[in-house]
Amino acid sequence: GRRLARAFVHAAGAIALHLEPDQTLRCAVVTDLAAPGLDAVATIAAEDGIGGIATSGRAAKGEGGRSFSLGIADAVTVLAADAATADVAATLIANAVDLPGHPAVKRVPAVSLDPDSDLGERLVTVGLAPLKPVEIPHALAAGLAEAERFRSRGLIRAAILHLAGARAVCGPAPVAIAA
């Protein structure tokens, strides 16, 4: 006989949430698991139609992360209608933040790190040397283009992409994540 005004469940980097009308939720965005700090804040209202939040990035297994990344993003956080969509979109956008063939990016076959990985021989990012300041916006732009494609198709509401202290934001205010 009771109603929940708001509820949220975190599972492996994705958050499912439920907000009744006139309810809001503020959540922090952390881009570096090794040195957690508040990098941005998302304020979500029930009327925004967001039921899921997810973050993906290049933190490898054994370094604070739980999965492998094909890209170089420190973190990509996505807001979507549900947690599953947010999770998939965050992974795909984080993979798109990349500088293919760049010598600063160290990659190895996924199976060399985890013989049971479903990524097989695909190269996953295991290291990133410092980038030149001009290279960072180029890599973020590739991820931002992917995020904009998802947003234009109605798959996500907003995303924030982080790389080497820089950020790119996709989505309209007030849904967009703010510093």
# chains A, B, ... in the order shown; residues from 1 in each chain; ligands from 1
call {"tool": "closest_atom_pairs", "arguments": {"of": "region 110-174 of chain A", "to": "region 38-56 of chain A", "cutoff": "12 Å", "atoms": "only C-alpha atoms", "output": "Markdown table"}}
result
| residue | atom | partner | partner_atom | distance |
| --- | --- | --- | --- | --- |
| A:Gly154 | CA | A:Gly49 | CA | 11.4 |
| A:Leu155 | CA | A:Ile50 | CA | 10.9 |
| A:Ile156 | CA | A:Ile50 | CA | 8.8 |
| A:Arg157 | CA | A:Ile50 | CA | 7.4 |
| A:Ala158 | CA | A:Ile50 | CA | 9.5 |
| A:Ala159 | CA | A:Thr55 | CA | 9.4 |
| A:Ile160 | CA | A:Ala40 | CA | 8.8 |
| A:Leu161 | CA | A:Thr55 | CA | 9.6 |
| A:His162 | CA | A:Asp39 | CA | 9.3 |
| A:Leu163 | CA | A:Asp39 | CA | 11.8 |
| A:Gly165 | CA | A:Asp39 | CA | 9.6 |
| A:Ala166 | CA | A:Asp39 | CA | 10.6 |
| A:Arg167 | CA | A:Asp39 | CA | 9.8 |
| A:Ala168 | CA | A:Ala40 | CA | 11.7 |
| A:Val169 | CA | A:Ala40 | CA | 10.8 |
| A:Gly171 | CA | A:Asp48 | CA | 11.7 |
| A:Pro172 | CA | A:Asp48 | CA | 10.9 |
| A:Ala173 | CA | A:Thr43 | CA | 10.3 |
| A:Pro174 | CA | A:Thr43 | CA | 7.8 |
call {"tool": "residues_around", "arguments": {"residues": "Thr125 (chain A)", "least_positions_apart": "5", "cutoff": "6 Å", "atoms": "only C-alpha atoms", "output": "ChimeraX atom specification"}}
result
/A:69-70,106-107
call {"tool": "closest_residue", "arguments": {"among": "A:Ala94, A:Val78, A:Gly37, A:Leu113", "to": "Arg151 (chain A)", "atoms": "only C-alpha atoms"}}
result
A:Val78
call {"tool": "select_by_dssp", "arguments": {"residues": "region 74-179 of chain A", "states": "strand (DSSP E)", "output": "MDAnalysis selection string"}}
result
chainID A and resid 75:80 105:109 123:128 158:163 166:170
call {"tool": "residues_around", "arguments": {"residues": "Arg6 (chain A)", "least_positions_apart": "3", "cutoff": "12 Å", "atoms": "only C-alpha atoms", "output": "PyMOL selection string"}}
result
chain A and resi 3+9+16-26+44-46+51
